[in-house]
>>> print(open('start-v6.txt').read())   # compact mmCIF, N, CA and C atoms
# COMPACT_ATOMS: atom_id res chain seq x y z
N MET A 1 120.55 121.11 102.40
CA MET A 1 121.03 119.91 103.07
C MET A 1 120.05 119.48 104.15
N VAL A 2 119.62 120.43 104.99
CA VAL A 2 118.70 120.12 106.07
C VAL A 2 117.35 119.67 105.49
N THR A 3 116.90 120.33 104.41
CA THR A 3 115.63 119.97 103.77
C THR A 3 115.71 118.56 103.22
N THR A 4 116.82 118.18 102.60
CA THR A 4 116.98 116.84 102.06
C THR A 4 116.95 115.81 103.18
N GLN A 5 117.64 116.08 104.29
CA GLN A 5 117.63 115.15 105.42
C GLN A 5 116.23 115.03 106.01
N LEU A 6 115.52 116.16 106.10
CA LEU A 6 114.16 116.14 106.62
C LEU A 6 113.26 115.33 105.71
N HIS A 7 113.42 115.51 104.39
CA HIS A 7 112.62 114.75 103.41
C HIS A 7 112.88 113.26 103.56
N ARG A 8 114.17 112.89 103.66
CA ARG A 8 114.52 111.47 103.83
C ARG A 8 113.95 110.93 105.12
N SER A 9 114.05 111.70 106.20
CA SER A 9 113.56 111.26 107.50
C SER A 9 112.04 111.09 107.46
N THR A 10 111.34 112.04 106.86
CA THR A 10 109.88 111.96 106.76
C THR A 10 109.48 110.76 105.91
N ALA A 11 110.13 110.57 104.78
CA ALA A 11 109.81 109.44 103.91
C ALA A 11 110.06 108.12 104.63
N MET A 12 111.15 108.04 105.38
CA MET A 12 111.45 106.82 106.12
C MET A 12 110.41 106.59 107.21
N ASN A 13 110.01 107.64 107.91
CA ASN A 13 109.01 107.49 108.96
C ASN A 13 107.66 107.05 108.40
N VAL A 14 107.28 107.59 107.25
CA VAL A 14 106.03 107.18 106.61
C VAL A 14 106.12 105.72 106.21
N ARG A 15 107.23 105.33 105.62
CA ARG A 15 107.42 103.94 105.21
C ARG A 15 107.39 103.01 106.42
N HIS A 16 108.06 103.40 107.50
CA HIS A 16 108.06 102.58 108.71
C HIS A 16 106.66 102.49 109.31
N ALA A 17 105.90 103.57 109.26
CA ALA A 17 104.52 103.56 109.76
C ALA A 17 103.67 102.59 108.92
N CYS A 18 103.88 102.58 107.62
CA CYS A 18 103.16 101.64 106.75
C CYS A 18 103.51 100.20 107.10
N TYR A 19 104.79 99.94 107.33
CA TYR A 19 105.21 98.59 107.72
C TYR A 19 104.57 98.19 109.05
N LEU A 20 104.54 99.12 110.01
CA LEU A 20 103.96 98.84 111.32
C LEU A 20 102.47 98.55 111.20
N VAL A 21 101.75 99.36 110.44
CA VAL A 21 100.32 99.14 110.23
C VAL A 21 100.08 97.79 109.55
N ALA A 22 100.90 97.46 108.57
CA ALA A 22 100.76 96.16 107.89
C ALA A 22 101.00 95.01 108.85
N GLY A 23 102.00 95.14 109.70
CA GLY A 23 102.28 94.09 110.68
C GLY A 23 101.15 93.91 111.67
N ILE A 24 100.60 95.01 112.16
CA ILE A 24 99.48 94.92 113.11
C ILE A 24 98.25 94.37 112.40
N ALA A 25 98.00 94.82 111.17
CA ALA A 25 96.86 94.29 110.40
C ALA A 25 97.01 92.79 110.18
N ALA A 26 98.22 92.35 109.86
CA ALA A 26 98.46 90.92 109.66
C ALA A 26 98.14 90.14 110.93
N LEU A 27 98.58 90.64 112.05
CA LEU A 27 98.31 89.97 113.33
C LEU A 27 96.81 89.90 113.60
N LEU A 28 96.13 91.02 113.45
CA LEU A 28 94.70 91.07 113.77
C LEU A 28 93.83 90.31 112.77
N LEU A 29 94.24 90.27 111.51
CA LEU A 29 93.43 89.60 110.49
C LEU A 29 93.69 88.11 110.37
N THR A 30 94.89 87.67 110.71
CA THR A 30 95.22 86.25 110.52
C THR A 30 94.99 85.40 111.75
N TRP A 31 95.30 85.92 112.91
CA TRP A 31 95.29 85.06 114.10
C TRP A 31 93.92 84.57 114.53
N PRO A 32 92.82 85.26 114.26
CA PRO A 32 91.52 84.63 114.57
C PRO A 32 91.35 83.28 113.85
N PHE A 33 91.86 83.18 112.62
CA PHE A 33 91.79 81.91 111.90
C PHE A 33 92.71 80.87 112.55
N ALA A 34 93.85 81.31 113.03
CA ALA A 34 94.77 80.39 113.70
C ALA A 34 94.16 79.89 115.00
N PHE A 35 93.51 80.78 115.74
CA PHE A 35 92.89 80.35 117.00
C PHE A 35 91.77 79.34 116.74
N ASP A 36 90.99 79.56 115.68
CA ASP A 36 89.95 78.58 115.31
C ASP A 36 90.58 77.24 114.99
N TRP A 37 91.66 77.26 114.23
CA TRP A 37 92.33 76.02 113.83
C TRP A 37 92.89 75.31 115.07
N ILE A 38 93.49 76.05 115.97
CA ILE A 38 94.03 75.47 117.21
C ILE A 38 92.88 74.89 118.04
N GLY A 39 91.76 75.63 118.09
CA GLY A 39 90.59 75.16 118.83
C GLY A 39 90.03 73.86 118.28
N ASP A 40 90.23 73.63 116.97
CA ASP A 40 89.77 72.39 116.34
C ASP A 40 90.80 71.27 116.46
N GLY A 41 91.86 71.50 117.23
CA GLY A 41 92.85 70.45 117.48
C GLY A 41 94.16 70.63 116.74
N GLY A 42 94.34 71.72 116.01
CA GLY A 42 95.59 71.95 115.29
C GLY A 42 96.72 72.33 116.24
N ASN A 43 97.94 71.97 115.86
CA ASN A 43 99.12 72.27 116.66
C ASN A 43 99.98 73.28 115.90
N ILE A 44 100.00 74.50 116.37
CA ILE A 44 100.71 75.58 115.67
C ILE A 44 102.21 75.32 115.62
N LEU A 45 102.72 74.47 116.49
CA LEU A 45 104.15 74.15 116.49
C LEU A 45 104.50 73.04 115.50
N ASN A 46 103.52 72.55 114.76
CA ASN A 46 103.73 71.51 113.76
C ASN A 46 103.50 72.11 112.37
N PRO A 47 104.54 72.66 111.75
CA PRO A 47 104.34 73.33 110.45
C PRO A 47 103.87 72.39 109.34
N VAL A 48 104.23 71.13 109.41
CA VAL A 48 103.78 70.18 108.37
C VAL A 48 102.26 70.07 108.42
N GLU A 49 101.72 69.92 109.61
CA GLU A 49 100.26 69.84 109.78
C GLU A 49 99.61 71.15 109.36
N PHE A 50 100.20 72.27 109.81
CA PHE A 50 99.62 73.59 109.52
C PHE A 50 99.55 73.84 108.02
N PHE A 51 100.67 73.68 107.31
CA PHE A 51 100.67 73.95 105.87
C PHE A 51 99.91 72.88 105.11
N GLY A 52 99.89 71.66 105.62
CA GLY A 52 99.08 70.61 105.00
C GLY A 52 97.61 70.96 105.05
N ASP A 53 97.14 71.47 106.20
CA ASP A 53 95.75 71.89 106.32
C ASP A 53 95.47 73.14 105.48
N GLY A 54 96.49 73.91 105.19
CA GLY A 54 96.33 75.12 104.38
C GLY A 54 95.96 74.84 102.94
N ILE A 55 96.16 73.62 102.49
CA ILE A 55 95.82 73.24 101.12
C ILE A 55 94.30 73.10 100.96
N GLU A 56 93.63 72.75 102.05
CA GLU A 56 92.18 72.55 102.03
C GLU A 56 91.47 73.84 102.41
N PRO A 57 90.24 74.04 101.92
CA PRO A 57 89.49 75.25 102.29
C PRO A 57 89.27 75.31 103.80
N GLY A 58 89.27 76.50 104.32
CA GLY A 58 89.01 76.68 105.74
C GLY A 58 89.88 77.75 106.35
N GLY A 59 89.93 77.74 107.67
CA GLY A 59 90.63 78.78 108.41
C GLY A 59 92.11 78.87 108.14
N THR A 60 92.77 77.72 107.98
CA THR A 60 94.21 77.75 107.73
C THR A 60 94.51 78.38 106.38
N ALA A 61 93.70 78.04 105.39
CA ALA A 61 93.88 78.63 104.06
C ALA A 61 93.64 80.14 104.10
N ALA A 62 92.64 80.56 104.86
CA ALA A 62 92.37 82.00 105.00
C ALA A 62 93.54 82.69 105.69
N PHE A 63 94.05 82.07 106.75
CA PHE A 63 95.20 82.62 107.47
C PHE A 63 96.37 82.84 106.51
N LEU A 64 96.70 81.79 105.76
CA LEU A 64 97.86 81.86 104.86
C LEU A 64 97.62 82.86 103.72
N SER A 65 96.40 82.95 103.21
CA SER A 65 96.11 83.89 102.13
C SER A 65 96.25 85.33 102.59
N ILE A 66 95.67 85.64 103.74
CA ILE A 66 95.77 87.01 104.27
C ILE A 66 97.22 87.34 104.62
N ASP A 67 97.91 86.40 105.24
CA ASP A 67 99.31 86.60 105.62
C ASP A 67 100.16 86.88 104.38
N MET A 68 99.96 86.09 103.34
CA MET A 68 100.75 86.26 102.11
C MET A 68 100.41 87.58 101.42
N LEU A 69 99.14 87.96 101.42
CA LEU A 69 98.74 89.23 100.80
C LEU A 69 99.43 90.41 101.47
N ILE A 70 99.47 90.41 102.80
CA ILE A 70 100.11 91.51 103.52
C ILE A 70 101.62 91.48 103.32
N ALA A 71 102.22 90.30 103.34
CA ALA A 71 103.66 90.19 103.08
C ALA A 71 103.99 90.69 101.68
N TRP A 72 103.13 90.39 100.72
CA TRP A 72 103.35 90.84 99.35
C TRP A 72 103.28 92.37 99.27
N ALA A 73 102.31 92.96 99.94
CA ALA A 73 102.19 94.43 99.92
C ALA A 73 103.43 95.08 100.54
N VAL A 74 103.92 94.52 101.64
CA VAL A 74 105.13 95.06 102.27
C VAL A 74 106.33 94.89 101.34
N PHE A 75 106.43 93.75 100.67
CA PHE A 75 107.52 93.53 99.71
C PHE A 75 107.49 94.60 98.62
N ILE A 76 106.31 94.90 98.10
CA ILE A 76 106.19 95.90 97.03
C ILE A 76 106.69 97.26 97.50
N VAL A 77 106.24 97.70 98.67
CA VAL A 77 106.67 99.01 99.19
C VAL A 77 108.18 99.00 99.41
N TRP A 78 108.69 97.94 100.02
CA TRP A 78 110.11 97.88 100.33
C TRP A 78 110.96 97.86 99.07
N VAL A 79 110.63 97.02 98.12
CA VAL A 79 111.50 96.88 96.95
C VAL A 79 111.47 98.17 96.11
N LEU A 80 110.32 98.82 96.02
CA LEU A 80 110.25 100.07 95.25
C LEU A 80 111.08 101.18 95.90
N THR A 81 111.10 101.23 97.22
CA THR A 81 111.89 102.28 97.88
C THR A 81 113.36 101.87 98.02
N ASP A 82 113.61 100.60 98.24
CA ASP A 82 114.99 100.14 98.45
C ASP A 82 115.82 100.27 97.18
N THR A 83 115.25 99.95 96.03
CA THR A 83 116.03 100.04 94.79
C THR A 83 116.47 101.47 94.52
N VAL A 84 115.64 102.43 94.85
CA VAL A 84 116.02 103.84 94.68
C VAL A 84 117.04 104.22 95.74
N ARG A 85 116.80 103.82 96.98
CA ARG A 85 117.68 104.20 98.09
C ARG A 85 119.10 103.72 97.90
N ILE A 86 119.28 102.49 97.41
CA ILE A 86 120.64 101.96 97.27
C ILE A 86 121.27 102.32 95.93
N GLY A 87 120.49 102.95 95.04
CA GLY A 87 121.06 103.42 93.79
C GLY A 87 120.83 102.52 92.58
N MET A 88 120.04 101.47 92.72
CA MET A 88 119.76 100.61 91.57
C MET A 88 118.82 101.30 90.58
N GLY A 89 117.93 102.12 91.09
CA GLY A 89 116.98 102.82 90.24
C GLY A 89 115.58 102.23 90.35
N ARG A 90 114.60 103.09 90.20
CA ARG A 90 113.20 102.69 90.35
C ARG A 90 112.78 101.61 89.36
N LYS A 91 113.36 101.63 88.14
CA LYS A 91 112.92 100.63 87.15
C LYS A 91 113.23 99.21 87.61
N TRP A 92 114.30 99.02 88.39
CA TRP A 92 114.59 97.69 88.93
C TRP A 92 113.54 97.31 89.97
N GLY A 93 113.07 98.25 90.74
CA GLY A 93 111.99 97.97 91.68
C GLY A 93 110.74 97.50 90.95
N VAL A 94 110.42 98.17 89.86
CA VAL A 94 109.24 97.79 89.07
C VAL A 94 109.42 96.38 88.50
N VAL A 95 110.63 96.06 88.05
CA VAL A 95 110.90 94.71 87.52
C VAL A 95 110.59 93.66 88.58
N PHE A 96 111.05 93.88 89.81
CA PHE A 96 110.83 92.88 90.85
C PHE A 96 109.38 92.85 91.34
N VAL A 97 108.69 93.98 91.28
CA VAL A 97 107.25 93.97 91.58
C VAL A 97 106.53 93.13 90.53
N LEU A 98 106.87 93.31 89.26
CA LEU A 98 106.25 92.50 88.21
C LEU A 98 106.58 91.01 88.38
N LEU A 99 107.81 90.71 88.75
CA LEU A 99 108.18 89.31 89.01
C LEU A 99 107.38 88.72 90.18
N SER A 100 107.00 89.56 91.14
CA SER A 100 106.25 89.06 92.29
C SER A 100 104.86 88.59 91.89
N TYR A 101 104.36 88.99 90.72
CA TYR A 101 103.08 88.47 90.24
C TYR A 101 103.22 87.00 89.86
N ILE A 102 104.41 86.56 89.55
CA ILE A 102 104.67 85.14 89.32
C ILE A 102 104.67 84.44 90.68
N GLY A 103 105.30 85.07 91.65
CA GLY A 103 105.32 84.54 93.01
C GLY A 103 106.29 85.33 93.86
N VAL A 104 105.84 85.76 95.03
CA VAL A 104 106.71 86.48 95.95
C VAL A 104 107.84 85.57 96.41
N SER A 105 107.53 84.28 96.57
CA SER A 105 108.55 83.35 97.03
C SER A 105 109.65 83.16 96.00
N MET A 106 109.42 83.56 94.76
CA MET A 106 110.46 83.55 93.73
C MET A 106 111.12 84.93 93.63
N ALA A 107 110.31 85.99 93.60
CA ALA A 107 110.83 87.34 93.40
C ALA A 107 111.70 87.81 94.56
N PHE A 108 111.30 87.49 95.79
CA PHE A 108 112.03 87.98 96.95
C PHE A 108 113.46 87.45 97.00
N PRO A 109 113.69 86.14 96.89
CA PRO A 109 115.09 85.68 96.91
C PRO A 109 115.89 86.19 95.71
N PHE A 110 115.25 86.29 94.54
CA PHE A 110 115.96 86.82 93.37
C PHE A 110 116.37 88.27 93.63
N TYR A 111 115.47 89.06 94.24
CA TYR A 111 115.81 90.44 94.55
C TYR A 111 116.98 90.50 95.52
N LEU A 112 116.96 89.65 96.54
CA LEU A 112 118.06 89.65 97.51
C LEU A 112 119.40 89.35 96.83
N ILE A 113 119.41 88.42 95.89
CA ILE A 113 120.64 88.10 95.16
C ILE A 113 121.12 89.30 94.35
N VAL A 114 120.21 89.89 93.57
CA VAL A 114 120.58 91.03 92.73
C VAL A 114 121.02 92.20 93.61
N ARG A 115 120.32 92.43 94.70
CA ARG A 115 120.65 93.52 95.61
C ARG A 115 122.04 93.34 96.21
N GLU A 116 122.32 92.14 96.72
CA GLU A 116 123.63 91.89 97.33
C GLU A 116 124.75 92.01 96.31
N ARG A 117 124.53 91.51 95.11
CA ARG A 117 125.56 91.63 94.07
C ARG A 117 125.77 93.09 93.67
N PHE A 118 124.69 93.85 93.59
CA PHE A 118 124.80 95.27 93.26
C PHE A 118 125.60 96.00 94.33
N LEU A 119 125.27 95.77 95.60
CA LEU A 119 125.98 96.43 96.69
C LEU A 119 127.45 96.02 96.73
N ALA A 120 127.72 94.75 96.44
CA ALA A 120 129.11 94.27 96.45
C ALA A 120 129.92 94.87 95.31
N SER A 121 129.25 95.22 94.21
CA SER A 121 129.96 95.76 93.05
C SER A 121 130.31 97.24 93.21
N ARG A 122 129.71 97.88 94.17
CA ARG A 122 129.99 99.31 94.39
C ARG A 122 131.38 99.47 94.97
N ALA A 123 132.03 100.55 94.62
CA ALA A 123 133.37 100.83 95.16
C ALA A 123 133.29 101.00 96.67
N PRO A 124 134.26 100.46 97.41
CA PRO A 124 134.24 100.61 98.87
C PRO A 124 134.22 102.08 99.26
N GLY A 125 133.39 102.40 100.22
CA GLY A 125 133.31 103.77 100.72
C GLY A 125 132.45 104.68 99.88
N GLN A 126 131.87 104.17 98.78
CA GLN A 126 131.01 105.01 97.96
C GLN A 126 129.70 105.23 98.71
N PRO A 127 129.29 106.49 98.88
CA PRO A 127 128.08 106.75 99.67
C PRO A 127 126.83 106.28 98.94
N VAL A 128 125.82 105.91 99.73
CA VAL A 128 124.52 105.56 99.17
C VAL A 128 123.86 106.86 98.75
N PRO A 129 123.31 106.91 97.53
CA PRO A 129 122.69 108.15 97.06
C PRO A 129 121.48 108.52 97.91
N PRO A 130 121.13 109.83 97.93
CA PRO A 130 119.97 110.24 98.72
C PRO A 130 118.69 109.61 98.19
N SER A 131 117.73 109.44 99.08
CA SER A 131 116.46 108.81 98.72
C SER A 131 115.47 109.87 98.27
N ASP A 132 115.77 110.53 97.16
CA ASP A 132 114.87 111.58 96.68
C ASP A 132 114.17 111.17 95.38
N GLY A 133 114.28 109.90 95.00
CA GLY A 133 113.58 109.41 93.82
C GLY A 133 114.35 109.57 92.51
N ARG A 134 115.47 110.30 92.54
CA ARG A 134 116.25 110.48 91.31
C ARG A 134 117.19 109.31 91.14
N GLU A 135 117.42 108.94 89.88
CA GLU A 135 118.37 107.86 89.58
C GLU A 135 119.69 108.50 89.16
N SER A 136 120.78 107.88 89.57
CA SER A 136 122.08 108.37 89.16
C SER A 136 122.34 107.96 87.71
N SER A 137 123.27 108.61 87.05
CA SER A 137 123.56 108.29 85.66
C SER A 137 124.09 106.87 85.52
N ALA A 138 124.74 106.35 86.57
CA ALA A 138 125.27 104.99 86.52
C ALA A 138 124.16 103.96 86.51
N THR A 139 123.05 104.24 87.23
CA THR A 139 121.97 103.27 87.30
C THR A 139 120.98 103.42 86.15
N GLN A 140 120.99 104.56 85.45
CA GLN A 140 120.05 104.74 84.35
C GLN A 140 120.37 103.83 83.18
N SER A 141 121.61 103.38 83.08
CA SER A 141 121.99 102.51 81.97
C SER A 141 121.69 101.06 82.26
N MET A 142 121.25 100.73 83.48
CA MET A 142 120.96 99.34 83.85
C MET A 142 119.65 98.89 83.26
>>> encode(input="start-v6.txt", output="structure tokens")
Amino acid sequence: MVTTQLHRSTAMNVRHACYLVAGIAALLLTWPFAFDWIGDGGNILNPVEFFGDGIEPGGTAAFLSIDMLIAWAVFIVWVLTDTVRIGMGRKWGVVFVLLSYIGVSMAFPFYLIVRERFLASRAPGQPVPPSDGRESSATQSM
């Protein structure tokens, strides 16, 4: 029991460290482009202008590309671990990672819908299975 809790705690800490590193990397890699854009007269509080400029080559496009790449990587780590943690099974995580190749902006909301419906379908008070990578027999048939 203690070993399982330690394993879960260590896995969670590693995952959280990865998220933290990704967030700091996103800040350090994207904001120099934002500062250049602001220096050229861009208004960061005007999203229409910002995303409009992102269509053209330059700093705004680089900012958005790097930002999206890091968000995509975090989505992949999260969805692969979350599907196992809540009991959906790793194969569902792989399905949503594959869908993210079509677009993260499509895969992420679809995952949230499937996730919420899955959690709502569980019997009240049913414990979340341990995060040890094993799938329960109920999720193997999905």
>>> residues_around(input="start-v6.txt", residues="Val97 of chain A", least_positions_apart="2", cutoff="8 Å", atoms="only N, CA and C atoms", output="number ranges by chain")
A: 75-76, 79-80, 91-95, 99-102, 107
>>> residues_around(input="start-v6.txt", residues="Ile66 of chain A", least_positions_apart="3", cutoff="9 Å", atoms="only C-alpha atoms", output="PDB file with N, CA and C atoms, keeping the file's coordinate frame")
ATOM      1  N   ALA A  26      98.220  92.350 109.860  1.00  0.00           N
ATOM      2  CA  ALA A  26      98.460  90.920 109.660  1.00  0.00           C
ATOM      3  C   ALA A  26      98.140  90.140 110.930  1.00  0.00           C
ATOM      4  N   LEU A  29      94.240  90.270 111.510  1.00  0.00           N
ATOM      5  CA  LEU A  29      93.430  89.600 110.490  1.00  0.00           C
ATOM      6  C   LEU A  29      93.690  88.110 110.370  1.00  0.00           C
ATOM      7  N   THR A  30      94.890  87.670 110.710  1.00  0.00           N
ATOM      8  CA  THR A  30      95.220  86.250 110.520  1.00  0.00           C
ATOM      9  C   THR A  30      94.990  85.400 111.750  1.00  0.00           C
ATOM     10  N   ALA A  61      93.700  78.040 105.390  1.00  0.00           N
ATOM     11  CA  ALA A  61      93.880  78.630 104.060  1.00  0.00           C
ATOM     12  C   ALA A  61      93.640  80.140 104.100  1.00  0.00           C
ATOM     13  N   ALA A  62      92.640  80.560 104.860  1.00  0.00           N
ATOM     14  CA  ALA A  62      92.370  82.000 105.000  1.00  0.00           C
ATOM     15  C   ALA A  62      93.540  82.690 105.690  1.00  0.00           C
ATOM     16  N   PHE A  63      94.050  82.070 106.750  1.00  0.00           N
ATOM     17  CA  PHE A  63      95.200  82.620 107.470  1.00  0.00           C
ATOM     18  C   PHE A  63      96.370  82.840 106.510  1.00  0.00           C
ATOM     19  N   LEU A  69      99.140  87.960 101.420  1.00  0.00           N
ATOM     20  CA  LEU A  69      98.740  89.230 100.800  1.00  0.00           C
ATOM     21  C   LEU A  69      99.430  90.410 101.470  1.00  0.00           C
ATOM     22  N   ILE A  70      99.470  90.410 102.800  1.00  0.00           N
ATOM     23  CA  ILE A  70     100.110  91.510 103.520  1.00  0.00           C
ATOM     24  C   ILE A  70     101.620  91.480 103.320  1.00  0.00           C
ATOM     25  N   ALA A  71     102.220  90.300 103.340  1.00  0.00           N
ATOM     26  CA  ALA A  71     103.660  90.190 103.080  1.00  0.00           C
ATOM     27  C   ALA A  71     103.990  90.690 101.680  1.00  0.00           C
TER      28      ALA A  71
END
>>> residues_around(input="start-v6.txt", residues="Tyr19 of chain A", least_positions_apart="6", cutoff="8 Å", atoms="only N, CA and C atoms", output="PyMOL selection string")
chain A and resi 13+25+74
>>> atom_distance(input="start-v6.txt", atom1="atom CA of Gly58 of chain A", atom2="atom CA of Ile38 of chain A")
12.6 Å
>>> atom_distance(input="start-v6.txt", atom1="atom C of Phe50 of chain A", atom2="atom CA of Trp37 of chain A")
9.5 Å
>>> closest_residue(input="start-v6.txt", among="A:Ile86, A:Leu20, A:Leu98, A:Ile44", to="Ser121 of chain A", atoms="only C-alpha atoms")
A:Ile86
>>> atom_distance(input="start-v6.txt", atom1="atom CA of Met68 of chain A", atom2="atom CA of Gly103 of chain A")
10.3 Å
>>> closest_residue(input="start-v6.txt", among="A:Phe118, A:Ala11, A:Gly52, A:Val104", to="Met88 of chain A", atoms="all atoms listed in the file")
A:Phe118
>>> select_by_dssp(input="start-v6.txt", residues="segment 35-116 of chain A", states="helix (DSSP H, G or I)", output="number ranges by chain")
A: 35-39, 47-53, 59-85, 90-100, 104-116
>>> closest_residue(input="start-v6.txt", among="A:Gly23, A:Gly41, A:Pro47, A:Pro109", to="Asp67 of chain A", atoms="only C-alpha atoms")
A:Gly23
